[in-house]
$ cat start_13.json   # JSON, C-alpha atoms and all ligand atoms
[["chain", "number", "residue", "atom", "x", "y", "z"],
["A", 1, "MET", "CA", 6.82, 30.86, -69.05],
["A", 2, "ASN", "CA", 5.05, 31.08, -65.73],
["A", 3, "LEU", "CA", 7.51, 29.07, -63.61],
["A", 4, "PRO", "CA", 7.85, 29.05, -59.82],
["A", 5, "LYS", "CA", 11.14, 30.42, -58.41],
["A", 6, "THR", "CA", 11.46, 27.42, -56.12],
["A", 7, "VAL", "CA", 10.27, 23.84, -56.37],
["A", 8, "THR", "CA", 9.98, 21.41, -53.44],
["A", 9, "ILE", "CA", 11.04, 17.87, -54.24],
["A", 10, "CYS", "CA", 10.00, 14.85, -52.20],
["A", 11, "GLU", "CA", 12.37, 11.89, -52.63],
["A", 12, "VAL", "CA", 10.21, 8.77, -52.88],
["A", 13, "GLY", "CA", 13.03, 6.39, -53.89],
["A", 14, "PRO", "CA", 13.24, 4.63, -50.51],
["A", 15, "ARG", "CA", 9.54, 3.72, -50.87],
["A", 16, "ASP", "CA", 8.37, 3.88, -54.48],
["A", 17, "GLY", "CA", 11.83, 3.13, -55.88],
["A", 18, "PHE", "CA", 12.84, 0.20, -53.69],
["A", 19, "GLN", "CA", 9.31, -1.25, -53.27],
["A", 20, "PRO", "CA", 9.26, -3.40, -56.46],
["A", 21, "GLU", "CA", 12.81, -4.71, -56.01],
["A", 22, "LYS", "CA", 12.74, -8.49, -55.60],
["A", 23, "SER", "CA", 15.95, -8.83, -53.53],
["A", 24, "ILE", "CA", 15.48, -7.48, -50.03],
["A", 25, "ILE", "CA", 17.70, -4.45, -49.48],
["A", 26, "ALA", "CA", 19.55, -4.27, -46.14],
["A", 27, "THR", "CA", 17.99, -1.93, -43.60],
["A", 28, "THR", "CA", 21.36, -0.24, -43.04],
["A", 29, "ALA", "CA", 21.69, 0.47, -46.78],
["A", 30, "LYS", "CA", 18.21, 2.04, -46.79],
["A", 31, "ALA", "CA", 18.97, 4.22, -43.75],
["A", 32, "ASP", "CA", 22.35, 5.21, -45.20],
["A", 33, "ILE", "CA", 20.95, 6.39, -48.54],
["A", 34, "ILE", "CA", 18.11, 8.25, -46.77],
["A", 35, "ASN", "CA", 20.73, 10.10, -44.69],
["A", 36, "ARG", "CA", 22.65, 10.95, -47.86],
["A", 37, "VAL", "CA", 19.47, 12.19, -49.56],
["A", 38, "ALA", "CA", 18.78, 14.48, -46.59],
["A", 39, "ALA", "CA", 22.39, 15.71, -46.66],
["A", 40, "SER", "CA", 22.02, 16.59, -50.37],
["A", 41, "GLY", "CA", 19.34, 19.12, -49.42],
["A", 42, "VAL", "CA", 16.16, 17.19, -50.28],
["A", 43, "PRO", "CA", 13.54, 18.72, -47.96],
["A", 44, "VAL", "CA", 10.99, 15.86, -47.89],
["A", 45, "ILE", "CA", 11.74, 12.11, -47.89],
["A", 46, "GLU", "CA", 9.29, 9.22, -48.07],
["A", 47, "ILE", "CA", 11.23, 6.60, -46.14],
["A", 48, "GLY", "CA", 8.97, 3.57, -46.56],
["A", 49, "ALA", "CA", 5.51, 2.15, -46.05],
["A", 50, "PHE", "CA", 3.74, 0.74, -43.00],
["A", 51, "VAL", "CA", 1.81, -1.86, -44.93],
["A", 52, "HIS", "CA", 1.42, -5.61, -44.44],
["A", 53, "PRO", "CA", 4.83, -7.27, -44.87],
["A", 54, "LYS", "CA", 3.27, -10.04, -46.96],
["A", 55, "ALA", "CA", 1.80, -7.46, -49.36],
["A", 56, "VAL", "CA", 5.08, -5.58, -49.82],
["A", 57, "PRO", "CA", 7.98, -7.60, -48.34],
["A", 58, "GLN", "CA", 10.54, -4.92, -49.26],
["A", 59, "MET", "CA", 8.83, -2.46, -46.88],
["A", 60, "ALA", "CA", 8.66, -4.86, -43.91],
["A", 61, "ASP", "CA", 11.55, -3.09, -42.16],
["A", 62, "THR", "CA", 10.19, 0.48, -42.42],
["A", 63, "ASP", "CA", 9.93, 0.66, -38.58],
["A", 64, "GLU", "CA", 13.62, -0.17, -38.26],
["A", 65, "VAL", "CA", 14.57, 2.20, -41.08],
["A", 66, "ALA", "CA", 12.66, 5.01, -39.30],
["A", 67, "ARG", "CA", 14.56, 4.36, -36.08],
["A", 68, "LYS", "CA", 17.94, 4.18, -37.84],
["A", 69, "VAL", "CA", 17.58, 7.35, -39.91],
["A", 70, "ALA", "CA", 19.48, 10.31, -38.48],
["A", 71, "LYS", "CA", 16.80, 12.99, -38.38],
["A", 72, "TYR", "CA", 18.50, 15.66, -40.47],
["A", 73, "PRO", "CA", 17.62, 19.23, -39.42],
["A", 74, "GLY", "CA", 15.16, 20.75, -41.85],
["A", 75, "ALA", "CA", 14.24, 17.46, -43.53],
["A", 76, "GLN", "CA", 10.74, 16.09, -43.22],
["A", 77, "TYR", "CA", 10.31, 12.32, -43.11],
["A", 78, "ARG", "CA", 7.08, 10.62, -44.05],
["A", 79, "ALA", "CA", 5.78, 7.10, -44.69],
["A", 80, "LEU", "CA", 2.85, 5.57, -46.48],
["A", 81, "VAL", "CA", 0.18, 3.91, -44.33],
["A", 82, "SER", "CA", -2.78, 1.81, -45.42],
["A", 83, "ASN", "CA", -4.73, 1.31, -42.17],
["A", 84, "ARG", "CA", -4.85, 1.91, -38.41],
["A", 85, "LYS", "CA", -2.10, -0.64, -37.80],
["A", 86, "GLY", "CA", 0.15, 1.44, -40.08],
["A", 87, "VAL", "CA", -0.49, 4.60, -38.06],
["A", 88, "GLU", "CA", 0.24, 2.67, -34.83],
["A", 89, "ARG", "CA", 3.57, 1.55, -36.28],
["A", 90, "ALA", "CA", 4.34, 5.13, -37.35],
["A", 91, "ILE", "CA", 3.64, 6.36, -33.81],
["A", 92, "ALA", "CA", 5.77, 3.61, -32.26],
["A", 93, "CYS", "CA", 8.85, 4.60, -34.25],
["A", 94, "GLY", "CA", 8.47, 8.35, -33.82],
["A", 95, "MET", "CA", 7.26, 9.36, -37.30],
["A", 96, "ASN", "CA", 5.31, 12.61, -37.45],
["A", 97, "TRP", "CA", 3.91, 12.44, -41.00],
["A", 98, "VAL", "CA", 1.88, 9.73, -42.70],
["A", 99, "LYS", "CA", 0.42, 9.50, -46.18],
["A", 100, "LEU", "CA", -2.88, 7.77, -46.93],
["A", 101, "THR", "CA", -3.58, 6.48, -50.42],
["A", 102, "HIS", "CA", -6.47, 5.29, -52.49],
["A", 103, "SER", "CA", -7.00, 4.99, -56.22],
["A", 104, "ALA", "CA", -9.04, 7.27, -58.45],
["A", 105, "SER", "CA", -10.74, 4.25, -60.03],
["A", 106, "GLU", "CA", -12.63, 1.35, -58.42],
["A", 107, "SER", "CA", -10.80, -1.29, -60.50],
["A", 108, "HIS", "CA", -7.36, -0.04, -59.52],
["A", 109, "ASN", "CA", -8.38, 0.30, -55.87],
["A", 110, "LEU", "CA", -9.64, -3.30, -55.87],
["A", 111, "SER", "CA", -6.51, -4.51, -57.58],
["A", 112, "ASN", "CA", -4.07, -2.50, -55.43],
["A", 113, "PHE", "CA", -5.79, -2.37, -52.04],
["A", 114, "ASN", "CA", -8.15, -5.38, -52.28],
["A", 115, "GLN", "CA", -11.19, -3.30, -51.40],
["A", 116, "PRO", "CA", -13.56, -0.75, -52.92],
["A", 117, "ILE", "CA", -12.73, 2.96, -52.56],
["A", 118, "ALA", "CA", -15.53, 3.36, -49.98],
["A", 119, "SER", "CA", -13.80, 0.85, -47.68],
["A", 120, "SER", "CA", -10.41, 2.52, -48.16],
["A", 121, "VAL", "CA", -11.71, 5.95, -47.22],
["A", 122, "LYS", "CA", -13.76, 4.53, -44.34],
["A", 123, "GLY", "CA", -10.46, 3.23, -42.96],
["A", 124, "PHE", "CA", -8.95, 6.72, -43.35],
["A", 125, "GLU", "CA", -11.33, 8.08, -40.71],
["A", 126, "GLU", "CA", -9.86, 6.03, -37.88],
["A", 127, "CYS", "CA", -6.31, 6.57, -39.21],
["A", 128, "LEU", "CA", -6.86, 10.34, -39.16],
["A", 129, "GLU", "CA", -8.36, 10.28, -35.68],
["A", 130, "LEU", "CA", -5.45, 8.29, -34.29],
["A", 131, "ALA", "CA", -2.89, 10.43, -36.13],
["A", 132, "LYS", "CA", -4.48, 13.61, -34.79],
["A", 133, "THR", "CA", -4.40, 12.48, -31.18],
["A", 134, "HIS", "CA", -0.68, 11.79, -31.55],
["A", 135, "GLY", "CA", 0.16, 15.05, -33.32],
["A", 136, "ILE", "CA", 0.90, 13.30, -36.60],
["A", 137, "THR", "CA", 0.17, 15.14, -39.85],
["A", 138, "ALA", "CA", -1.64, 13.14, -42.51],
["A", 139, "SER", "CA", -1.56, 13.88, -46.20],
["A", 140, "ALA", "CA", -3.16, 11.89, -48.99],
["A", 141, "ALA", "CA", -2.38, 10.58, -52.44],
["A", 142, "ILE", "CA", -4.73, 9.56, -55.22],
["A", 143, "SER", "CA", -3.30, 6.86, -57.49],
["A", 144, "VAL", "CA", -4.02, 6.66, -61.24],
["A", 145, "ALA", "CA", -5.42, 10.22, -61.16],
["A", 146, "PHE", "CA", -4.35, 10.84, -64.77],
["A", 147, "GLY", "CA", -5.48, 7.50, -66.16],
["A", 148, "CYS", "CA", -6.21, 3.98, -64.98],
["A", 149, "PRO", "CA", -4.82, 0.92, -66.81],
["A", 150, "PHE", "CA", -8.24, -0.75, -66.39],
["A", 151, "GLU", "CA", -10.68, 2.14, -66.84],
["A", 152, "GLY", "CA", -8.80, 4.73, -68.91],
["A", 153, "LYS", "CA", -9.15, 8.46, -68.24],
["A", 154, "ILE", "CA", -10.73, 9.42, -64.92],
["A", 155, "PRO", "CA", -13.63, 11.90, -65.27],
["A", 156, "LEU", "CA", -12.77, 15.20, -63.59],
["A", 157, "ALA", "CA", -16.02, 15.05, -61.60],
["A", 158, "ASN", "CA", -14.93, 11.71, -60.06],
["A", 159, "LEU", "CA", -11.56, 13.17, -59.07],
["A", 160, "GLU", "CA", -13.33, 16.12, -57.48],
["A", 161, "VAL", "CA", -15.54, 13.81, -55.41],
["A", 162, "HIS", "CA", -12.43, 12.13, -53.99],
["A", 163, "ILE", "CA", -10.75, 15.45, -53.29],
["A", 164, "ARG", "CA", -13.80, 16.96, -51.59],
["A", 165, "ARG", "CA", -13.99, 13.90, -49.35],
["A", 166, "LEU", "CA", -10.31, 14.23, -48.41],
["A", 167, "THR", "CA", -10.52, 17.97, -47.74],
["A", 168, "GLY", "CA", -13.70, 17.25, -45.73],
["A", 169, "TYR", "CA", -11.53, 15.06, -43.50],
["A", 170, "GLY", "CA", -9.28, 18.07, -42.95],
["A", 171, "ILE", "CA", -6.49, 16.88, -45.26],
["A", 172, "ARG", "CA", -4.63, 19.85, -46.72],
["A", 173, "GLU", "CA", -1.91, 18.20, -48.77],
["A", 174, "ILE", "CA", -2.87, 15.95, -51.66],
["A", 175, "SER", "CA", -0.69, 14.20, -54.17],
["A", 176, "LEU", "CA", -2.09, 13.34, -57.60],
["A", 177, "SER", "CA", -0.28, 10.32, -58.95],
["A", 178, "ASP", "CA", 0.27, 9.33, -62.55],
["A", 179, "THR", "CA", 0.95, 5.79, -61.36],
["A", 180, "THR", "CA", 1.17, 4.17, -64.78],
["A", 181, "GLY", "CA", 2.43, 7.12, -66.84],
["A", 182, "MET", "CA", -0.79, 7.77, -68.75],
["A", 183, "GLY", "CA", -0.95, 11.56, -68.38],
["A", 184, "ASN", "CA", 0.03, 14.02, -71.11],
["A", 185, "PRO", "CA", 1.05, 17.68, -70.66],
["A", 186, "VAL", "CA", -2.21, 19.20, -71.98],
["A", 187, "GLN", "CA", -4.28, 16.97, -69.70],
["A", 188, "VAL", "CA", -1.98, 17.61, -66.71],
["A", 189, "TYR", "CA", -2.16, 21.38, -67.28],
["A", 190, "SER", "CA", -5.94, 21.23, -67.48],
["A", 191, "ILE", "CA", -6.41, 19.09, -64.33],
["A", 192, "ALA", "CA", -3.72, 20.94, -62.34],
["A", 193, "SER", "CA", -5.15, 24.38, -63.22],
["A", 194, "HIS", "CA", -8.63, 23.24, -62.27],
["A", 195, "MET", "CA", -7.52, 21.80, -58.93],
["A", 196, "VAL", "CA", -5.35, 24.79, -58.01],
["A", 197, "GLN", "CA", -8.27, 27.15, -58.68],
["A", 198, "THR", "CA", -11.00, 24.98, -57.16],
["A", 199, "PHE", "CA", -9.12, 23.95, -54.02],
["A", 200, "PRO", "CA", -6.83, 26.86, -53.11],
["A", 201, "GLU", "CA", -6.59, 25.55, -49.53],
["A", 202, "VAL", "CA", -4.77, 22.41, -50.74],
["A", 203, "LYS", "CA", -1.03, 22.08, -51.19],
["A", 204, "TRP", "CA", -0.75, 20.04, -54.37],
["A", 205, "ILE", "CA", 1.97, 17.52, -55.14],
["A", 206, "LEU", "CA", 2.36, 15.68, -58.42],
["A", 207, "HIS", "CA", 3.76, 12.18, -58.57],
["A", 208, "MET", "CA", 4.68, 11.47, -62.18],
["A", 209, "HIS", "CA", 5.93, 8.11, -63.43],
["A", 210, "ASP", "CA", 8.06, 8.32, -66.54],
["A", 211, "THR", "CA", 6.59, 5.18, -68.10],
["A", 212, "ARG", "CA", 6.27, 6.75, -71.55],
["A", 213, "GLY", "CA", 8.80, 9.58, -71.28],
["A", 214, "MET", "CA", 6.21, 12.23, -70.44],
["A", 215, "ALA", "CA", 7.07, 12.90, -66.78],
["A", 216, "LEU", "CA", 9.26, 15.98, -67.38],
["A", 217, "PRO", "CA", 6.86, 17.67, -69.83],
["A", 218, "ASN", "CA", 4.01, 16.82, -67.45],
["A", 219, "ILE", "CA", 5.88, 18.45, -64.56],
["A", 220, "LEU", "CA", 6.57, 21.50, -66.71],
["A", 221, "ALA", "CA", 2.86, 21.74, -67.55],
["A", 222, "ALA", "CA", 1.97, 21.44, -63.86],
["A", 223, "MET", "CA", 4.41, 24.23, -62.97],
["A", 224, "GLU", "CA", 2.72, 26.43, -65.57],
["A", 225, "ALA", "CA", -0.55, 25.65, -63.80],
["A", 226, "GLY", "CA", 0.84, 26.79, -60.46],
["A", 227, "ILE", "CA", 2.04, 23.56, -58.82],
["A", 228, "SER", "CA", 5.51, 23.63, -57.26],
["A", 229, "SER", "CA", 5.89, 20.33, -55.38],
["A", 230, "PHE", "CA", 6.86, 17.08, -57.05],
["A", 231, "ASP", "CA", 7.81, 13.56, -56.05],
["A", 232, "ALA", "CA", 10.91, 12.03, -57.63],
["A", 233, "SER", "CA", 12.92, 8.84, -57.20],
["A", 234, "PHE", "CA", 16.71, 8.49, -57.16],
["A", 235, "ALA", "CA", 18.02, 6.94, -60.39],
["A", 236, "GLY", "CA", 14.41, 6.79, -61.63],
["A", 237, "LEU", "CA", 13.81, 3.60, -59.67],
["A", 238, "GLY", "CA", 10.37, 2.08, -59.41],
["A", 239, "GLY", "CA", 8.03, 0.32, -61.73],
["A", 240, "CYS", "CA", 4.50, -0.68, -62.42],
["A", 241, "PRO", "CA", 3.05, -4.15, -61.78],
["A", 242, "TYR", "CA", 0.74, -3.78, -64.80],
["A", 243, "ALA", "CA", 3.48, -2.96, -67.27],
["A", 244, "PRO", "CA", 6.57, -5.14, -66.85],
["A", 245, "GLY", "CA", 9.70, -3.19, -67.71],
["A", 246, "ALA", "CA", 7.95, 0.16, -67.30],
["A", 247, "SER", "CA", 9.90, 3.07, -65.88],
["A", 248, "GLY", "CA", 9.65, 4.29, -62.32],
["A", 249, "ASN", "CA", 9.06, 7.75, -61.01],
["A", 250, "ILE", "CA", 10.88, 10.63, -62.68],
["A", 251, "ALA", "CA", 14.56, 10.44, -61.66],
["A", 252, "THR", "CA", 15.37, 12.99, -58.94],
["A", 253, "GLU", "CA", 18.66, 13.96, -60.62],
["A", 254, "ASP", "CA", 16.93, 14.42, -64.02],
["A", 255, "LEU", "CA", 14.29, 16.68, -62.47],
["A", 256, "VAL", "CA", 16.78, 18.70, -60.39],
["A", 257, "HIS", "CA", 19.02, 19.06, -63.46],
["A", 258, "MET", "CA", 16.18, 20.36, -65.62],
["A", 259, "LEU", "CA", 14.95, 22.75, -62.94],
["A", 260, "HIS", "CA", 18.43, 24.17, -62.25],
["A", 261, "GLU", "CA", 19.07, 24.58, -66.01],
["A", 262, "MET", "CA", 15.84, 26.62, -66.14],
["A", 263, "GLY", "CA", 16.89, 28.75, -63.16],
["A", 264, "VAL", "CA", 14.37, 27.16, -60.77],
["A", 265, "ASN", "CA", 15.79, 26.61, -57.30],
["A", 266, "THR", "CA", 15.39, 23.30, -55.43],
["A", 267, "GLY", "CA", 17.86, 23.70, -52.56],
["A", 268, "ILE", "CA", 19.36, 20.36, -53.65],
["A", 269, "ASP", "CA", 23.04, 19.83, -54.44],
["A", 270, "LEU", "CA", 22.82, 18.24, -57.91],
["A", 271, "ASP", "CA", 26.24, 16.56, -57.67],
["A", 272, "LEU", "CA", 25.24, 14.90, -54.40],
["A", 273, "ALA", "CA", 21.91, 13.89, -55.96],
["A", 274, "ILE", "CA", 23.84, 12.24, -58.82],
["A", 275, "GLU", "CA", 26.10, 10.44, -56.32],
["A", 276, "ASN", "CA", 23.00, 9.21, -54.49],
["A", 277, "ALA", "CA", 21.50, 7.99, -57.77],
["A", 278, "ARG", "CA", 24.72, 6.04, -58.49],
["A", 279, "LEU", "CA", 24.53, 4.53, -55.03],
["A", 280, "ALA", "CA", 20.84, 3.62, -55.49],
["A", 281, "LYS", "CA", 21.70, 1.94, -58.80],
["A", 282, "ALA", "CA", 24.53, -0.01, -57.10],
["A", 283, "ILE", "CA", 22.17, -1.06, -54.28],
["A", 284, "VAL", "CA", 19.58, -2.53, -56.67],
["A", 285, "GLY", "CA", 22.28, -3.89, -58.98],
["A", 286, "HIS", "CA", 20.62, -3.23, -62.33],
["A", 287, "GLU", "CA", 20.31, -0.57, -65.04],
["A", 288, "THR", "CA", 17.93, 2.28, -64.37],
["A", 289, "ASP", "CA", 16.16, 4.96, -66.43],
["A", 290, "SER", "CA", 18.15, 7.97, -65.24],
["A", 291, "ARG", "CA", 19.11, 10.20, -68.19],
["A", 292, "ILE", "CA", 21.70, 12.11, -66.17],
["A", 293, "LEU", "CA", 23.45, 8.93, -64.98],
["A", 294, "LYS", "CA", 23.78, 7.96, -68.66],
["A", 295, "ALA", "CA", 24.59, 11.31, -70.28],
["A", 296, "GLY", "CA", 25.96, 13.46, -67.44],
["A", 297, "LYS", "CA", 25.11, 17.10, -66.76],
["A", 298, "ILE", "CA", 25.09, 19.72, -69.51],
["A", 299, "ALA", "CA", 27.55, 21.73, -67.38],
["A", 300, "ASP", "CA", 30.05, 18.84, -67.53],
["A", 301, "LEU", "CA", 29.92, 18.77, -71.34],
["A", 302, "ILE", "CA", 30.84, 22.43, -71.61],
["A", 303, "LEU", "CA", 33.97, 21.89, -69.50],
["A", 304, "LYS", "CA", 35.22, 19.10, -71.79],
["A", 305, "LYS", "CA", 37.03, 19.40, -75.10],
["A", 306, "PRO", "CA", 34.82, 19.21, -78.17],
["A", 307, "CYS", "CA", 34.42, 15.65, -79.46],
["A", 308, "GLY", "CA", 35.96, 16.66, -82.78],
["A", 309, "GLN", "CA", 39.41, 17.26, -81.23],
["A", 310, "THR", "CA", 39.89, 13.61, -80.50],
["A", 311, "LYS", "CA", 37.67, 11.76, -82.93],
["A", 312, "ILE", "CA", 35.43, 12.55, -85.83],
["A", 313, "GLY", "CA", 32.05, 10.92, -86.04],
["B", 1, "ZN", "ZN", 4.58, 5.84, -57.68]]
$ encode --input "start_13.json" --output "structure tokens" --more "lines below"
Ligand code: ZN
Amino acid sequence: MNLPKTVTICEVGPRDGFQPEKSIIATTAKADIINRVAASGVPVIEIGAFVHPKAVPQMADTDEVARKVAKYPGAQYRALVSNRKGVERAIACGMNWVKLTHSASESHNLSNFNQPIASSVKGFEECLELAKTHGITASAAISVAFGCPFEGKIPLANLEVHIRRLTGYGIREISLSDTTGMGNPVQVYSIASHMVQTFPEVKWILHMHDTRGMALPNILAAMEAGISSFDASFAGLGGCPYAPGASGNIATEDLVHMLHEMGVNTGIDLDLAIENARLAKAIVGHETDSRILKAGKIADLILKKPCGQTKIG
């Protein structure tokens, strides 16, 4: 297999994972788990979102979280922004990386951002200008890139139009999101290969939700296509407003476990990642979709006595 030697993981649990939680999580708990994630060796952490507090109440304290987080050497902290106000908030609390997002389909953009794509990207222009004058790097994410719950598969030509617009703005890091878990490995390989070849100047990140259990195979397919950066969420937290009960992003510990088993380096201490996933699960107070939290590591099994020594069956 054509696998990268090293994969970069961005922990999106503090944003994507906590975002749909109904009970507001204490700011100190958010800052604490972000510090632990950084200490486990995760190189990139999405700490929250500078969006309207009424739209996403759980993210209302992102400014305070940003100020509380101990900036761990070597870790890069970023936050999602939706407009100029978001960039202003990022500047005010000392963030140096923001992520702009729009959807690949008009219906999802209208549903998620209450405006057509044209208005979203028009807003990006002033965000980018403001970010640039303050030395803030801006990356972008395209939601529902592998399928929209309202419009189905997104034509490749449409995706390319969005990407050309973003690269035209000078954006050099783009995340393609499988927001509702509609991608399959063959499709992901095809789109990822095309994008890597067509836009070699872009650093690609894939953001795969595990809604239908295809996140790991999709990530594997993307690695084969030459992508080596992936978002993941501790304990597999997150969800989808269009599919109640649907899984969140791929669990960080599940992804790190698979990569390490395959000999792919992440720089992350898996045991610490598992501890962080347990903590995240305790913070939200409900069951999650993490396979490793349920089954443990393969390495742990090998150290134990065979099942047959104690019980048959
Ligand atoms: Zn997501």
$ closest_residue --input "start_13.json" --among "A:Thr266, A:Asn158, A:Gln19, A:Ser82" --to "ligand ZN 1 (chain B)" --atoms "all atoms listed in the file"
A:Gln19
$ closest_residue --input "start_13.json" --among "A:Arg67, A:Arg164, A:Lys153, A:Lys30" --to "Pro14 of chain A" --atoms "all atoms listed in the file"
A:Lys30
$ closest_residue --input "start_13.json" --among "A:Glu160, A:Glu129, A:Glu21, A:Asp231" --to "ligand ZN 1 (chain B)" --atoms "only C-alpha atoms and all ligand atoms"
A:Asp231
$ closest_residue --input "start_13.json" --among "A:Ala251, A:Met1, A:Val284, A:Met182" --to "Asn218 of chain A" --atoms "all atoms listed in the file"
A:Met182
$ residues_around --input "start_13.json" --residues "Ile205 of chain A" --least-positions-apart "2" --cutoff "6 Å" --atoms "only C-alpha atoms" --output "PyMOL selection string"
chain A and resi 175+229-230
$ residues_near_ligand --input "start_13.json" --ligand "ligand ZN 1 (chain B)" --cutoff "10 Å" --atoms "all atoms listed in the file" --output "VMD selection string"
chain A and resid 12 to 13 15 to 17 19 141 143 to 144 177 to 181 207 to 210 231 to 233 237 to 240 248 to 250
$ write_last_selection --input "start_13.json" --atoms "C-alpha atoms" --output "PDB file, in the frame of the given file"
ATOM      1  CA  VAL A  12      10.210   8.770 -52.880  1.00  0.00           C
ATOM      2  CA  GLY A  13      13.030   6.390 -53.890  1.00  0.00           C
ATOM      3  CA  ARG A  15       9.540   3.720 -50.870  1.00  0.00           C
ATOM      4  CA  ASP A  16       8.370   3.880 -54.480  1.00  0.00           C
ATOM      5  CA  GLY A  17      11.830   3.130 -55.880  1.00  0.00           C
ATOM      6  CA  GLN A  19       9.310  -1.250 -53.270  1.00  0.00           C
ATOM      7  CA  ALA A 141      -2.380  10.580 -52.440  1.00  0.00           C
ATOM      8  CA  SER A 143      -3.300   6.860 -57.490  1.00  0.00           C
ATOM      9  CA  VAL A 144      -4.020   6.660 -61.240  1.00  0.00           C
ATOM     10  CA  SER A 177      -0.280  10.320 -58.950  1.00  0.00           C
ATOM     11  CA  ASP A 178       0.270   9.330 -62.550  1.00  0.00           C
ATOM     12  CA  THR A 179       0.950   5.790 -61.360  1.00  0.00           C
ATOM     13  CA  THR A 180       1.170   4.170 -64.780  1.00  0.00           C
ATOM     14  CA  GLY A 181       2.430   7.120 -66.840  1.00  0.00           C
ATOM     15  CA  HIS A 207       3.760  12.180 -58.570  1.00  0.00           C
ATOM     16  CA  MET A 208       4.680  11.470 -62.180  1.00  0.00           C
ATOM     17  CA  HIS A 209       5.930   8.110 -63.430  1.00  0.00           C
ATOM     18  CA  ASP A 210       8.060   8.320 -66.540  1.00  0.00           C
ATOM     19  CA  ASP A 231       7.810  13.560 -56.050  1.00  0.00           C
ATOM     20  CA  ALA A 232      10.910  12.030 -57.630  1.00  0.00           C
ATOM     21  CA  SER A 233      12.920   8.840 -57.200  1.00  0.00           C
ATOM     22  CA  LEU A 237      13.810   3.600 -59.670  1.00  0.00           C
ATOM     23  CA  GLY A 238      10.370   2.080 -59.410  1.00  0.00           C
ATOM     24  CA  GLY A 239       8.030   0.320 -61.730  1.00  0.00           C
ATOM     25  CA  CYS A 240       4.500  -0.680 -62.420  1.00  0.00           C
ATOM     26  CA  GLY A 248       9.650   4.290 -62.320  1.00  0.00           C
ATOM     27  CA  ASN A 249       9.060   7.750 -61.010  1.00  0.00           C
ATOM     28  CA  ILE A 250      10.880  10.630 -62.680  1.00  0.00           C
TER      29      ILE A 250
END
$ residues_around --input "start_13.json" --residues "segment 87-89 of chain A" --least-positions-apart "4" --cutoff "7 Å" --atoms "only C-alpha atoms" --output "PyMOL selection string"
chain A and resi 50+63+81+83+93+127+131
$ closest_residue --input "start_13.json" --among "A:Glu261, A:Glu151, A:Glu287, A:Asp254" --to "Ala215 of chain A" --atoms "all atoms listed in the file"
A:Asp254
$ atom_distance --input "start_13.json" --atom1 "atom CA of Arg84 of chain A" --atom2 "atom CA of Gly123 of chain A"
7.3 Å
$ closest_residue --input "start_13.json" --among "A:Lys132, A:Lys122, A:Arg291, A:His194" --to "Ile171 of chain A" --atoms "all atoms listed in the file"
A:Lys132
$ atom_distance --input "start_13.json" --atom1 "atom CA of Glu125 of chain A" --atom2 "atom CA of Glu106 of chain A"
19.0 Å
$ residues_near_point --input "start_13.json" --point "(-7.5, 9.0, -62.7)" --cutoff "7 Å" --atoms "only C-alpha atoms" --output "ChimeraX atom specification"
/A:104-105,144-148,153-154,159
$ atom_distance --input "start_13.json" --atom1 "atom CA of Arg165 of chain A" --atom2 "atom CA of Gln76 of chain A"
25.6 Å
$ residues_around --input "start_13.json" --residues "Met223 of chain A" --least-positions-apart "5" --cutoff "10 Å" --atoms "only C-alpha atoms" --output "list in words"
Met1, Asn2, Leu3, Pro4, Val7, Val188, Tyr189, Ala192, Ser193, Leu206, Pro217, Asn218, Ser228, Ser229 and Phe230 of chain A
$ build_atoms --input "start_13.json" --residues "segment 219-228 of chain A" --atoms "N, CA and C atoms" --output "compact mmCIF listing (two decimals), keeping the file's coordinate frame"
# COMPACT_ATOMS: atom_id res chain seq x y z
N ILE A 219 5.50 17.62 -65.71
CA ILE A 219 5.88 18.45 -64.56
C ILE A 219 5.95 19.92 -65.00
N LEU A 220 6.50 20.13 -66.18
CA LEU A 220 6.57 21.50 -66.71
C LEU A 220 5.16 22.10 -66.86
N ALA A 221 4.25 21.29 -67.38
CA ALA A 221 2.86 21.74 -67.55
C ALA A 221 2.22 22.05 -66.20
N ALA A 222 2.53 21.22 -65.20
CA ALA A 222 1.97 21.44 -63.86
C ALA A 222 2.53 22.72 -63.24
N MET A 223 3.81 22.99 -63.50
CA MET A 223 4.41 24.23 -62.97
C MET A 223 3.72 25.44 -63.59
N GLU A 224 3.45 25.35 -64.88
CA GLU A 224 2.72 26.43 -65.57
C GLU A 224 1.36 26.66 -64.93
N ALA A 225 0.79 25.56 -64.42
CA ALA A 225 -0.55 25.65 -63.80
C ALA A 225 -0.49 26.09 -62.34
N GLY A 226 0.72 26.26 -61.82
CA GLY A 226 0.84 26.79 -60.46
C GLY A 226 1.22 25.77 -59.39
N ILE A 227 1.61 24.57 -59.81
CA ILE A 227 2.04 23.56 -58.82
C ILE A 227 3.57 23.61 -58.69
N SER A 228 4.05 23.51 -57.45
CA SER A 228 5.51 23.63 -57.26
C SER A 228 6.08 22.55 -56.34
